Structure formats: structure tokens, C-alpha cells
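S.K.: Quick one, model.pdb (PDB, C-alpha atoms):
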ATOM      1  CA  GLY O   1     106.409 100.770 115.037  1.00  0.00           C
ATOM      2  CA  GLU O   2     105.476  97.811 112.893  1.00  0.00           C
ATOM      3  CA  ASN O   3     104.596  98.360 109.229  1.00  0.00           C
ATOM      4  CA  VAL O   4     103.038  95.619 107.094  1.00  0.00           C
ATOM      5  CA  GLU O   5     102.901  95.821 103.314  1.00  0.00           C
ATOM      6  CA  GLN O   6     100.692  93.475 101.302  1.00  0.00           C
ATOM      7  CA  HIS O   7     100.724  92.629  97.585  1.00  0.00           C
ATOM      8  CA  PRO O   8      98.945  92.423  95.272  1.00  0.00           C
ATOM      9  CA  SER O   9      95.966  94.645  96.055  1.00  0.00           C
ATOM     10  CA  THR O  10      93.768  92.652  93.669  1.00  0.00           C
ATOM     11  CA  LEU O  11      94.125  89.123  92.347  1.00  0.00           C
ATOM     12  CA  SER O  12      91.985  87.402  89.746  1.00  0.00           C
ATOM     13  CA  VAL O  13      92.336  83.651  89.288  1.00  0.00           C
ATOM     14  CA  GLN O  14      90.520  80.937  87.388  1.00  0.00           C
ATOM     15  CA  GLU O  15      88.740  78.331  89.459  1.00  0.00           C
ATOM     16  CA  GLY O  16      91.135  75.502  90.204  1.00  0.00           C
ATOM     17  CA  ASP O  17      94.274  77.632  89.930  1.00  0.00           C
ATOM     18  CA  SER O  18      96.462  78.690  92.851  1.00  0.00           C
ATOM     19  CA  ALA O  19      96.569  82.111  94.493  1.00  0.00           C
ATOM     20  CA  VAL O  20      99.525  83.611  96.355  1.00  0.00           C
ATOM     21  CA  ILE O  21      99.479  86.739  98.501  1.00  0.00           C
ATOM     22  CA  LYS O  22     102.683  88.181  99.927  1.00  0.00           C
ATOM     23  CA  CYS O  23     103.330  90.391 102.950  1.00  0.00           C
ATOM     24  CA  THR O  24     106.440  92.007 104.362  1.00  0.00           C
ATOM     25  CA  TYR O  25     106.899  93.356 107.868  1.00  0.00           C
ATOM     26  CA  SER O  26     109.378  95.767 109.382  1.00  0.00           C
ATOM     27  CA  ASP O  27     109.657  94.832 113.066  1.00  0.00           C
ATOM     28  CA  SER O  28     112.059  91.920 113.497  1.00  0.00           C
ATOM     29  CA  ALA O  29     110.522  91.277 116.947  1.00  0.00           C
ATOM     30  CA  SER O  30     107.160  90.340 115.407  1.00  0.00           C
ATOM     31  CA  ASN O  31     106.543  86.657 115.993  1.00  0.00           C
ATOM     32  CA  TYR O  32     102.903  85.965 115.209  1.00  0.00           C
ATOM     33  CA  PHE O  33     101.404  86.226 111.715  1.00  0.00           C
ATOM     34  CA  PRO O  34      97.684  85.569 111.161  1.00  0.00           C
ATOM     35  CA  TRP O  35      95.660  85.726 107.967  1.00  0.00           C
ATOM     36  CA  TYR O  36      92.052  86.892 107.934  1.00  0.00           C
ATOM     37  CA  LYS O  37      89.379  86.470 105.265  1.00  0.00           C
ATOM     38  CA  GLN O  38      86.673  89.101 105.056  1.00  0.00           C
ATOM     39  CA  GLU O  39      83.669  88.584 102.828  1.00  0.00           C
ATOM     40  CA  LEU O  40      81.595  91.601 101.873  1.00  0.00           C
ATOM     41  CA  GLY O  41      79.700  92.923 104.871  1.00  0.00           C
ATOM     42  CA  LYS O  42      81.010  90.228 107.212  1.00  0.00           C
ATOM     43  CA  ARG O  43      83.498  89.978 110.028  1.00  0.00           C
ATOM     44  CA  PRO O  44      87.196  89.237 109.446  1.00  0.00           C
ATOM     45  CA  GLN O  45      87.590  85.513 109.969  1.00  0.00           C
ATOM     46  CA  LEU O  46      90.863  83.949 111.062  1.00  0.00           C
ATOM     47  CA  ILE O  47      91.762  81.302 108.479  1.00  0.00           C
ATOM     48  CA  ILE O  48      95.331  80.374 109.383  1.00  0.00           C
ATOM     49  CA  ASP O  49      98.205  81.679 111.477  1.00  0.00           C
ATOM     50  CA  ILE O  50     101.884  80.963 111.978  1.00  0.00           C
ATOM     51  CA  ARG O  51     104.379  81.688 114.726  1.00  0.00           C
ATOM     52  CA  SER O  52     107.991  82.531 114.163  1.00  0.00           C
ATOM     53  CA  ASN O  53     109.301  79.178 115.388  1.00  0.00           C
ATOM     54  CA  VAL O  54     107.998  77.402 112.262  1.00  0.00           C
ATOM     55  CA  GLY O  55     108.537  78.058 108.578  1.00  0.00           C
ATOM     56  CA  GLU O  56     105.375  76.596 107.084  1.00  0.00           C
ATOM     57  CA  LYS O  57     101.890  75.564 108.132  1.00  0.00           C
ATOM     58  CA  LYS O  58      99.150  73.882 106.108  1.00  0.00           C
ATOM     59  CA  ASP O  59      95.424  73.449 106.564  1.00  0.00           C
ATOM     60  CA  GLN O  60      93.751  71.633 103.681  1.00  0.00           C
ATOM     61  CA  ARG O  61      93.947  73.958 100.645  1.00  0.00           C
ATOM     62  CA  ILE O  62      95.554  76.804 102.572  1.00  0.00           C
ATOM     63  CA  ALA O  63      99.208  77.170 103.538  1.00  0.00           C
ATOM     64  CA  VAL O  64     101.328  79.937 104.993  1.00  0.00           C
ATOM     65  CA  THR O  65     105.103  80.259 104.702  1.00  0.00           C
ATOM     66  CA  LEU O  66     107.368  82.493 106.772  1.00  0.00           C
ATOM     67  CA  ASN O  67     110.869  83.747 106.009  1.00  0.00           C
ATOM     68  CA  LYS O  68     112.137  85.465 109.157  1.00  0.00           C
ATOM     69  CA  THR O  69     115.426  86.501 107.607  1.00  0.00           C
ATOM     70  CA  ALA O  70     113.743  88.340 104.773  1.00  0.00           C
ATOM     71  CA  LYS O  71     110.817  89.389 107.010  1.00  0.00           C
ATOM     72  CA  HIS O  72     108.122  88.217 104.681  1.00  0.00           C
ATOM     73  CA  PHE O  73     105.312  85.704 104.775  1.00  0.00           C
ATOM     74  CA  SER O  74     102.895  84.412 102.167  1.00  0.00           C
ATOM     75  CA  LEU O  75      99.455  82.849 101.906  1.00  0.00           C
ATOM     76  CA  HIS O  76      98.964  80.078  99.356  1.00  0.00           C
ATOM     77  CA  ILE O  77      95.520  78.884  98.307  1.00  0.00           C
ATOM     78  CA  THR O  78      95.440  75.838  96.043  1.00  0.00           C
ATOM     79  CA  GLU O  79      92.571  74.561  93.902  1.00  0.00           C
ATOM     80  CA  THR O  80      90.690  77.832  94.301  1.00  0.00           C
ATOM     81  CA  GLN O  81      86.905  77.803  94.406  1.00  0.00           C
ATOM     82  CA  PRO O  82      84.358  80.609  93.900  1.00  0.00           C
ATOM     83  CA  GLU O  83      83.740  80.694  97.662  1.00  0.00           C
ATOM     84  CA  ASP O  84      87.379  81.721  98.126  1.00  0.00           C
ATOM     85  CA  SER O  85      86.459  85.127  96.654  1.00  0.00           C
ATOM     86  CA  ALA O  86      86.925  87.700  99.440  1.00  0.00           C
ATOM     87  CA  VAL O  87      89.377  90.251 100.812  1.00  0.00           C
ATOM     88  CA  TYR O  88      92.335  88.681 102.566  1.00  0.00           C
ATOM     89  CA  PHE O  89      94.353  90.545 105.218  1.00  0.00           C
ATOM     90  CA  CYS O  90      97.724  89.623 106.621  1.00  0.00           C
ATOM     91  CA  ALA O  91      98.792  90.892 110.023  1.00  0.00           C
ATOM     92  CA  ALA O  92     101.810  90.869 112.303  1.00  0.00           C
ATOM     93  CA  SER O  93     102.071  90.984 116.065  1.00  0.00           C
ATOM     94  CA  ARG O  94     104.473  90.608 118.965  1.00  0.00           C
ATOM     95  CA  THR O  95     103.492  88.389 121.867  1.00  0.00           C
ATOM     96  CA  ASP O  96     104.789  91.073 124.225  1.00  0.00           C
ATOM     97  CA  SER O  97     102.502  93.704 122.712  1.00  0.00           C
ATOM     98  CA  TRP O  98      99.256  92.602 124.310  1.00  0.00           C
ATOM     99  CA  GLY O  99      98.208  91.126 121.002  1.00  0.00           C
ATOM    100  CA  LYS O 100      98.060  94.337 118.981  1.00  0.00           C
ATOM    101  CA  LEU O 101      97.697  93.363 115.319  1.00  0.00           C
ATOM    102  CA  GLN O 102      99.208  95.484 112.544  1.00  0.00           C
ATOM    103  CA  PHE O 103      97.295  94.746 109.333  1.00  0.00           C
ATOM    104  CA  GLY O 104      98.222  94.959 105.698  1.00  0.00           C
ATOM    105  CA  ALA O 105      95.962  96.875 103.319  1.00  0.00           C
ATOM    106  CA  GLY O 106      94.267  93.741 102.015  1.00  0.00           C
ATOM    107  CA  THR O 107      94.033  91.738  98.781  1.00  0.00           C
ATOM    108  CA  GLN O 108      90.778  91.425  96.865  1.00  0.00           C
ATOM    109  CA  VAL O 109      90.703  87.888  95.470  1.00  0.00           C
ATOM    110  CA  VAL O 110      88.242  87.097  92.696  1.00  0.00           C
ATOM    111  CA  VAL O 111      87.852  83.490  91.614  1.00  0.00           C
ATOM    112  CA  THR O 112      86.090  83.133  88.275  1.00  0.00           C
ATOM    113  CA  PRO O 113      84.380  79.860  87.331  1.00  0.00           C
TER     114      PRO O 113
ATOM    115  CA  ASP E   1      78.650  79.381 122.308  1.00  0.00           C
ATOM    116  CA  ALA E   2      78.203  82.986 121.196  1.00  0.00           C
ATOM    117  CA  GLY E   3      81.037  84.625 119.378  1.00  0.00           C
ATOM    118  CA  VAL E   4      81.931  88.293 119.587  1.00  0.00           C
ATOM    119  CA  THR E   5      78.820  90.451 119.393  1.00  0.00           C
ATOM    120  CA  GLN E   6      78.639  94.156 118.663  1.00  0.00           C
ATOM    121  CA  SER E   7      75.859  96.698 118.784  1.00  0.00           C
ATOM    122  CA  PRO E   8      74.458  98.574 117.070  1.00  0.00           C
ATOM    123  CA  THR E   9      75.137  97.269 113.550  1.00  0.00           C
ATOM    124  CA  HIS E  10      74.670 100.644 111.909  1.00  0.00           C
ATOM    125  CA  LEU E  11      74.695 104.193 113.214  1.00  0.00           C
ATOM    126  CA  ILE E  12      74.288 107.606 111.618  1.00  0.00           C
ATOM    127  CA  LYS E  13      75.506 110.707 113.442  1.00  0.00           C
ATOM    128  CA  THR E  14      76.271 114.318 112.572  1.00  0.00           C
ATOM    129  CA  ARG E  15      79.532 116.150 113.057  1.00  0.00           C
ATOM    130  CA  GLY E  16      80.221 117.180 116.640  1.00  0.00           C
ATOM    131  CA  GLN E  17      78.022 114.514 118.189  1.00  0.00           C
ATOM    132  CA  GLN E  18      79.176 111.725 120.472  1.00  0.00           C
ATOM    133  CA  VAL E  19      78.730 107.987 119.951  1.00  0.00           C
ATOM    134  CA  THR E  20      79.023 104.837 122.074  1.00  0.00           C
ATOM    135  CA  LEU E  21      79.607 101.414 120.564  1.00  0.00           C
ATOM    136  CA  ARG E  22      79.319  98.169 122.502  1.00  0.00           C
ATOM    137  CA  CYS E  23      81.050  94.802 122.393  1.00  0.00           C
ATOM    138  CA  SER E  24      80.600  91.487 124.163  1.00  0.00           C
ATOM    139  CA  PRO E  25      83.600  89.178 123.894  1.00  0.00           C
ATOM    140  CA  LYS E  26      83.582  85.521 122.978  1.00  0.00           C
ATOM    141  CA  SER E  27      82.780  83.279 125.916  1.00  0.00           C
ATOM    142  CA  GLY E  28      85.908  82.626 127.983  1.00  0.00           C
ATOM    143  CA  HIS E  29      87.817  85.624 126.633  1.00  0.00           C
ATOM    144  CA  ASP E  30      89.021  88.411 128.908  1.00  0.00           C
ATOM    145  CA  THR E  31      90.655  90.917 126.563  1.00  0.00           C
ATOM    146  CA  VAL E  32      88.957  93.266 124.119  1.00  0.00           C
ATOM    147  CA  SER E  33      90.606  95.238 121.323  1.00  0.00           C
ATOM    148  CA  TRP E  34      89.014  97.865 119.114  1.00  0.00           C
ATOM    149  CA  TYR E  35      89.920  98.548 115.491  1.00  0.00           C
ATOM    150  CA  GLN E  36      88.813 101.123 112.940  1.00  0.00           C
ATOM    151  CA  GLN E  37      88.449  99.943 109.346  1.00  0.00           C
ATOM    152  CA  ALA E  38      88.068 102.648 106.728  1.00  0.00           C
ATOM    153  CA  LEU E  39      86.591 101.655 103.389  1.00  0.00           C
ATOM    154  CA  GLY E  40      89.067  99.641 101.320  1.00  0.00           C
ATOM    155  CA  GLN E  41      91.694  99.509 104.059  1.00  0.00           C
ATOM    156  CA  GLY E  42      92.910  97.121 106.697  1.00  0.00           C
ATOM    157  CA  PRO E  43      91.800  97.476 110.322  1.00  0.00           C
ATOM    158  CA  GLN E  44      93.757 100.009 112.409  1.00  0.00           C
ATOM    159  CA  PHE E  45      94.316  99.326 116.116  1.00  0.00           C
ATOM    160  CA  ILE E  46      92.642 101.835 118.443  1.00  0.00           C
ATOM    161  CA  PHE E  47      93.217 100.374 121.915  1.00  0.00           C
ATOM    162  CA  GLN E  48      92.965  97.267 124.044  1.00  0.00           C
ATOM    163  CA  TYR E  49      91.383  96.588 127.428  1.00  0.00           C
ATOM    164  CA  TYR E  50      92.271  93.953 129.988  1.00  0.00           C
ATOM    165  CA  GLU E  51      91.185  93.840 133.637  1.00  0.00           C
ATOM    166  CA  GLU E  52      89.186  97.018 133.055  1.00  0.00           C
ATOM    167  CA  GLU E  53      92.259  99.036 132.108  1.00  0.00           C
ATOM    168  CA  GLU E  54      93.521 100.357 128.794  1.00  0.00           C
ATOM    169  CA  ARG E  55      96.714  98.372 128.185  1.00  0.00           C
ATOM    170  CA  GLN E  56      97.850  99.638 124.811  1.00  0.00           C
ATOM    171  CA  ARG E  57      96.805 102.418 122.491  1.00  0.00           C
ATOM    172  CA  GLY E  58      97.259 103.036 118.799  1.00  0.00           C
ATOM    173  CA  ASN E  59      97.695 106.373 117.068  1.00  0.00           C
ATOM    174  CA  PHE E  60      94.235 107.772 117.783  1.00  0.00           C
ATOM    175  CA  PRO E  61      93.351 111.087 119.463  1.00  0.00           C
ATOM    176  CA  ASP E  62      91.898 111.397 122.953  1.00  0.00           C
ATOM    177  CA  ARG E  63      88.442 111.823 121.410  1.00  0.00           C
ATOM    178  CA  PHE E  64      88.493 108.028 121.302  1.00  0.00           C
ATOM    179  CA  SER E  65      88.032 106.503 124.728  1.00  0.00           C
ATOM    180  CA  GLY E  66      86.842 103.212 126.088  1.00  0.00           C
ATOM    181  CA  HIS E  67      85.814 101.183 129.031  1.00  0.00           C
ATOM    182  CA  GLN E  68      85.754  97.551 130.062  1.00  0.00           C
ATOM    183  CA  PHE E  69      83.248  96.191 132.550  1.00  0.00           C
ATOM    184  CA  PRO E  70      83.702  93.414 135.134  1.00  0.00           C
ATOM    185  CA  ASN E  71      81.928  90.969 132.788  1.00  0.00           C
ATOM    186  CA  TYR E  72      84.641  91.734 130.158  1.00  0.00           C
ATOM    187  CA  SER E  73      82.284  93.572 127.817  1.00  0.00           C
ATOM    188  CA  SER E  74      83.531  96.878 126.467  1.00  0.00           C
ATOM    189  CA  GLU E  75      82.448 100.229 125.097  1.00  0.00           C
ATOM    190  CA  LEU E  76      84.103 102.529 122.617  1.00  0.00           C
ATOM    191  CA  ASN E  77      83.233 106.214 122.882  1.00  0.00           C
ATOM    192  CA  VAL E  78      84.023 108.823 120.266  1.00  0.00           C
ATOM    193  CA  ASN E  79      83.471 112.507 121.068  1.00  0.00           C
ATOM    194  CA  ALA E  80      83.244 115.504 118.732  1.00  0.00           C
ATOM    195  CA  LEU E  81      82.694 113.336 115.673  1.00  0.00           C
ATOM    196  CA  LEU E  82      84.424 114.284 112.428  1.00  0.00           C
ATOM    197  CA  LEU E  83      83.515 113.228 108.895  1.00  0.00           C
ATOM    198  CA  GLY E  84      86.724 111.191 108.860  1.00  0.00           C
ATOM    199  CA  ASP E  85      85.452 109.036 111.719  1.00  0.00           C
ATOM    200  CA  SER E  86      83.090 107.328 109.294  1.00  0.00           C
ATOM    201  CA  ALA E  87      84.232 103.711 109.222  1.00  0.00           C
ATOM    202  CA  LEU E  88      83.516 100.167 110.314  1.00  0.00           C
ATOM    203  CA  TYR E  89      84.451  99.744 113.970  1.00  0.00           C
ATOM    204  CA  LEU E  90      85.495  96.226 114.840  1.00  0.00           C
ATOM    205  CA  CYS E  91      85.820  94.643 118.225  1.00  0.00           C
ATOM    206  CA  ALA E  92      88.075  91.640 118.740  1.00  0.00           C
ATOM    207  CA  SER E  93      88.381  89.445 121.783  1.00  0.00           C
ATOM    208  CA  SER E  94      91.182  87.214 122.986  1.00  0.00           C
ATOM    209  CA  LEU E  95      92.489  85.420 126.038  1.00  0.00           C
ATOM    210  CA  LYS E  96      95.404  86.940 127.923  1.00  0.00           C
ATOM    211  CA  GLY E  97      98.612  84.951 127.896  1.00  0.00           C
ATOM    212  CA  THR E  98     100.413  83.132 125.127  1.00  0.00           C
ATOM    213  CA  MET E  99      97.207  83.059 123.106  1.00  0.00           C
ATOM    214  CA  ALA E 100      96.660  86.809 123.403  1.00  0.00           C
ATOM    215  CA  ASN E 101      97.465  87.346 119.760  1.00  0.00           C
ATOM    216  CA  ILE E 102      94.690  85.047 118.554  1.00  0.00           C
ATOM    217  CA  GLN E 103      91.855  87.488 118.118  1.00  0.00           C
ATOM    218  CA  TYR E 104      88.305  86.821 117.034  1.00  0.00           C
ATOM    219  CA  PHE E 105      86.349  89.633 115.486  1.00  0.00           C
ATOM    220  CA  GLY E 106      82.770  90.755 115.717  1.00  0.00           C
ATOM    221  CA  ALA E 107      80.778  91.827 112.678  1.00  0.00           C
ATOM    222  CA  GLY E 108      81.375  95.479 113.456  1.00  0.00           C
ATOM    223  CA  THR E 109      79.409  98.688 113.763  1.00  0.00           C
ATOM    224  CA  ARG E 110      79.154 100.779 110.606  1.00  0.00           C
ATOM    225  CA  LEU E 111      79.346 104.454 111.660  1.00  0.00           C
ATOM    226  CA  SER E 112      78.407 107.166 109.200  1.00  0.00           C
ATOM    227  CA  VAL E 113      79.106 110.777 110.153  1.00  0.00           C
ATOM    228  CA  LEU E 114      77.221 113.376 108.095  1.00  0.00           C
TER     229      LEU E 114
END
In C-alpha cells, write the structure found in this file.
M.R.:
Amino acid sequence: GENVEQHPSTLSVQEGDSAVIKCTYSDSASNYFPWYKQELGKRPQLIIDIRSNVGEKKDQRIAVTLNKTAKHFSLHITETQPEDSAVYFCAASRTDSWGKLQFGAGTQVVVTP
Amino acid sequence: DAGVTQSPTHLIKTRGQQVTLRCSPKSGHDTVSWYQQALGQGPQFIFQYYEEEERQRGNFPDRFSGHQFPNYSSELNVNALLLGDSALYLCASSLKGTMANIQYFGAGTRLSVL
């Protein structure tokens, strides 16, 4: 089955700097890659996603890149703000798998003012 | 428009007991998935329900069972609770079809087994 590895496990950045989180996946048939943000005690919130037919997607300060050949994808947050502090999870899925998401272990991002 | 709602928010049980968790999907959604999130880890897929049938199952024992009702709401049942079942149980809803992967999560039920 699918296996998703996520790095780093923790990331500390100064406010205004950029943060990058990387994930690799094992199943070459995976074609949907969402990113979730989970603040302490709250639900995972979908912040951006990408499908395998595109290589990059941006939404304001957040971008995701996908390299299908290398089977890895990354989340980029620019101009970080204290409210970006949370745990971020990457996930991978196949559209023929009824939407089952395989999650990475998560990255704790701490943005210091 | 209500999002995904789960009840109860917290639950304390003892080993060997049984528990039922409930989930109402986001309005317009017809598919419900359940995930277990242990402390400090990513969510792990338990199973998914569509048209009142279990469509896919993760690597969880038969002690974990579920049900989906005609109004698309769902229950997760866990029998013979073990200490290791202590976790946050998340429900996610989606719409069958090409958008099936896009899942929206509830706030979860925190289960503590003593």
C-alpha cells in the first residue's frame, strides 16, 4: 500500500521567512495530494491540494509543487506569520481508492515574532 | 451551512467496554470516512461508507465497525476497548465521484481508555 514520509518533523522560522515541508510517496498510482493544517485542539483544515496533472499550484502565500518522477511534493509558505504556527500534514490518495487518504506524520511549524 | 459535526467531543471508557461515536457529514456530501489519530501522529484510515455500505477498510481489527444511515450520517463502534484505542477519532465527509478525494474533517472525538 501507499506510504507517505514527511520531513522535517519540526520547523522553527522567524516571522517573515519562508517555510518548506517535503513529502515523498511510494505508490506511483497516487494522483491527489492535499495538505492539511491542524491547530492545537482543532480539526484538520484543507489548505491546498494538487492533482497529478499539474506541477505547481499557488494560493496567496501558500504553494505546492509536485514531482511525479521523483514521487515527492512540497508545501511552501512565504512571508510566514505567527498564525501559521500549527501542525501541517501532507497526504496522498488515488482517485480509484474511494478517496482514502494516506497521511504523513506531520510537521510542527513554529513561527516566532 | 453546517460543516462536519461529531459527537461526543470527549469520552472516557474503561478497558473491555464498547463505544459508539457519531458523525454528520457536511451538507451535500454522501460519503463518510473515519480516521484514528494517535497523539503526535497523522490520521490513520479506518474505513469509508457510501450508500450505507463499507467500501474500503484500513488495517484495523474487526472490533472496529461502522454504519451509515439513509441521511448519510455515520457511526463508528469499537468493541472490547484496549488502552491503545485511546486517540482522537476524526470523521471526514466527501462527495462521491471525481471530488471524492476532497475530504472535510470534523473536530473529532477524543477517546480515553483507562
S.K.: What is the atom CA of Pro8 of chain E-atom CA of Glu75 of chain E distance in Å, reported with one decimal?
M.R.: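 Those two atoms sit 11.4 Å apart.
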S.K.: In Å to one decimal, how far is atom CA of Gln6 of chain O from atom CA of Ser30 of chain O?
M.R.: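 Spanning atom CA of Ser30 of chain O to atom CA of Gln6 of chain O is a straight-line distance of 15.8 Å.
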S.K.: On this file, the ChimeraX specification (/O :<9) & /E gives some set of residues; write that set as a list of chain:residue names.
M.R.: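 So the ChimeraX specification (/O :<9) & /E ends up selecting E:Ser33, E:Gly40, E:Gln41, E:Gly42, E:Pro43, E:Gln44, E:Phe45, E:Phe47, E:Gln48, E:Arg55, E:Gln56, E:Arg57, E:Gly58, E:Leu90, E:Ser94, E:Lys96, E:Gly97, E:Thr98, E:Met99, E:Ala100, E:Asn101, E:Ile102, E:Gln103, E:Tyr104, E:Phe105, E:Gly106, E:Ala107, E:Gly108.
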S.K.: Please, what distance in Å, to one decimal, runs between atom CA of Thr31 of chain E and atom CA of Tyr72 of chain E?
M.R.: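 Pair atom CA of Thr31 of chain E / atom CA of Tyr72 of chain E returns 7.1 Å.
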S.K.: Within 12 Å of Val111 of chain O, counting only C-alpha atoms, which residues qualify if same-chain residues fewer than 3 places away don't, as a ChimeraX atom specification?
M.R.: /O:10-19,77-87,108
S.K.: Could you name the residues that touch segment 70-76 of chain O at 7 Å or less, counting only C-alpha atoms, but leaving out those on the same chain fewer than 5 positions away, as an NGL selection string?
M.R.: :O and (19-26 or 62-65)
S.K.: Out of E:Ser112, E:Gln36, E:Asn59, E:Thr20, which residue has the shortest atom-to-atom distance to Leu76 of chain E when counting all atoms listed in the file?
M.R.: E:Thr20
S.K.: Could you expand the PyMOL selection byres ((chain E and resi 65) around 8) into the explicit residues it covers here, written as a list in words?
M.R.: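 Output from the PyMOL selection byres ((chain E and resi 65) around 8), applied to this file: Asp62, Arg63, Phe64, Gly66, His67, Leu76, Asn77 and Val78 of chain E.
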S.K.: Could you write out the selected residues, including C-alpha atoms, as a CSV table (one decimal), in the coordinates of the input?
M.R.:
chain,number,residue,atom,x,y,z
E,62,ASP,CA,91.9,111.4,123.0
E,63,ARG,CA,88.4,111.8,121.4
E,64,PHE,CA,88.5,108.0,121.3
E,66,GLY,CA,86.8,103.2,126.1
E,67,HIS,CA,85.8,101.2,129.0
E,76,LEU,CA,84.1,102.5,122.6
E,77,ASN,CA,83.2,106.2,122.9
E,78,VAL,CA,84.0,108.8,120.3
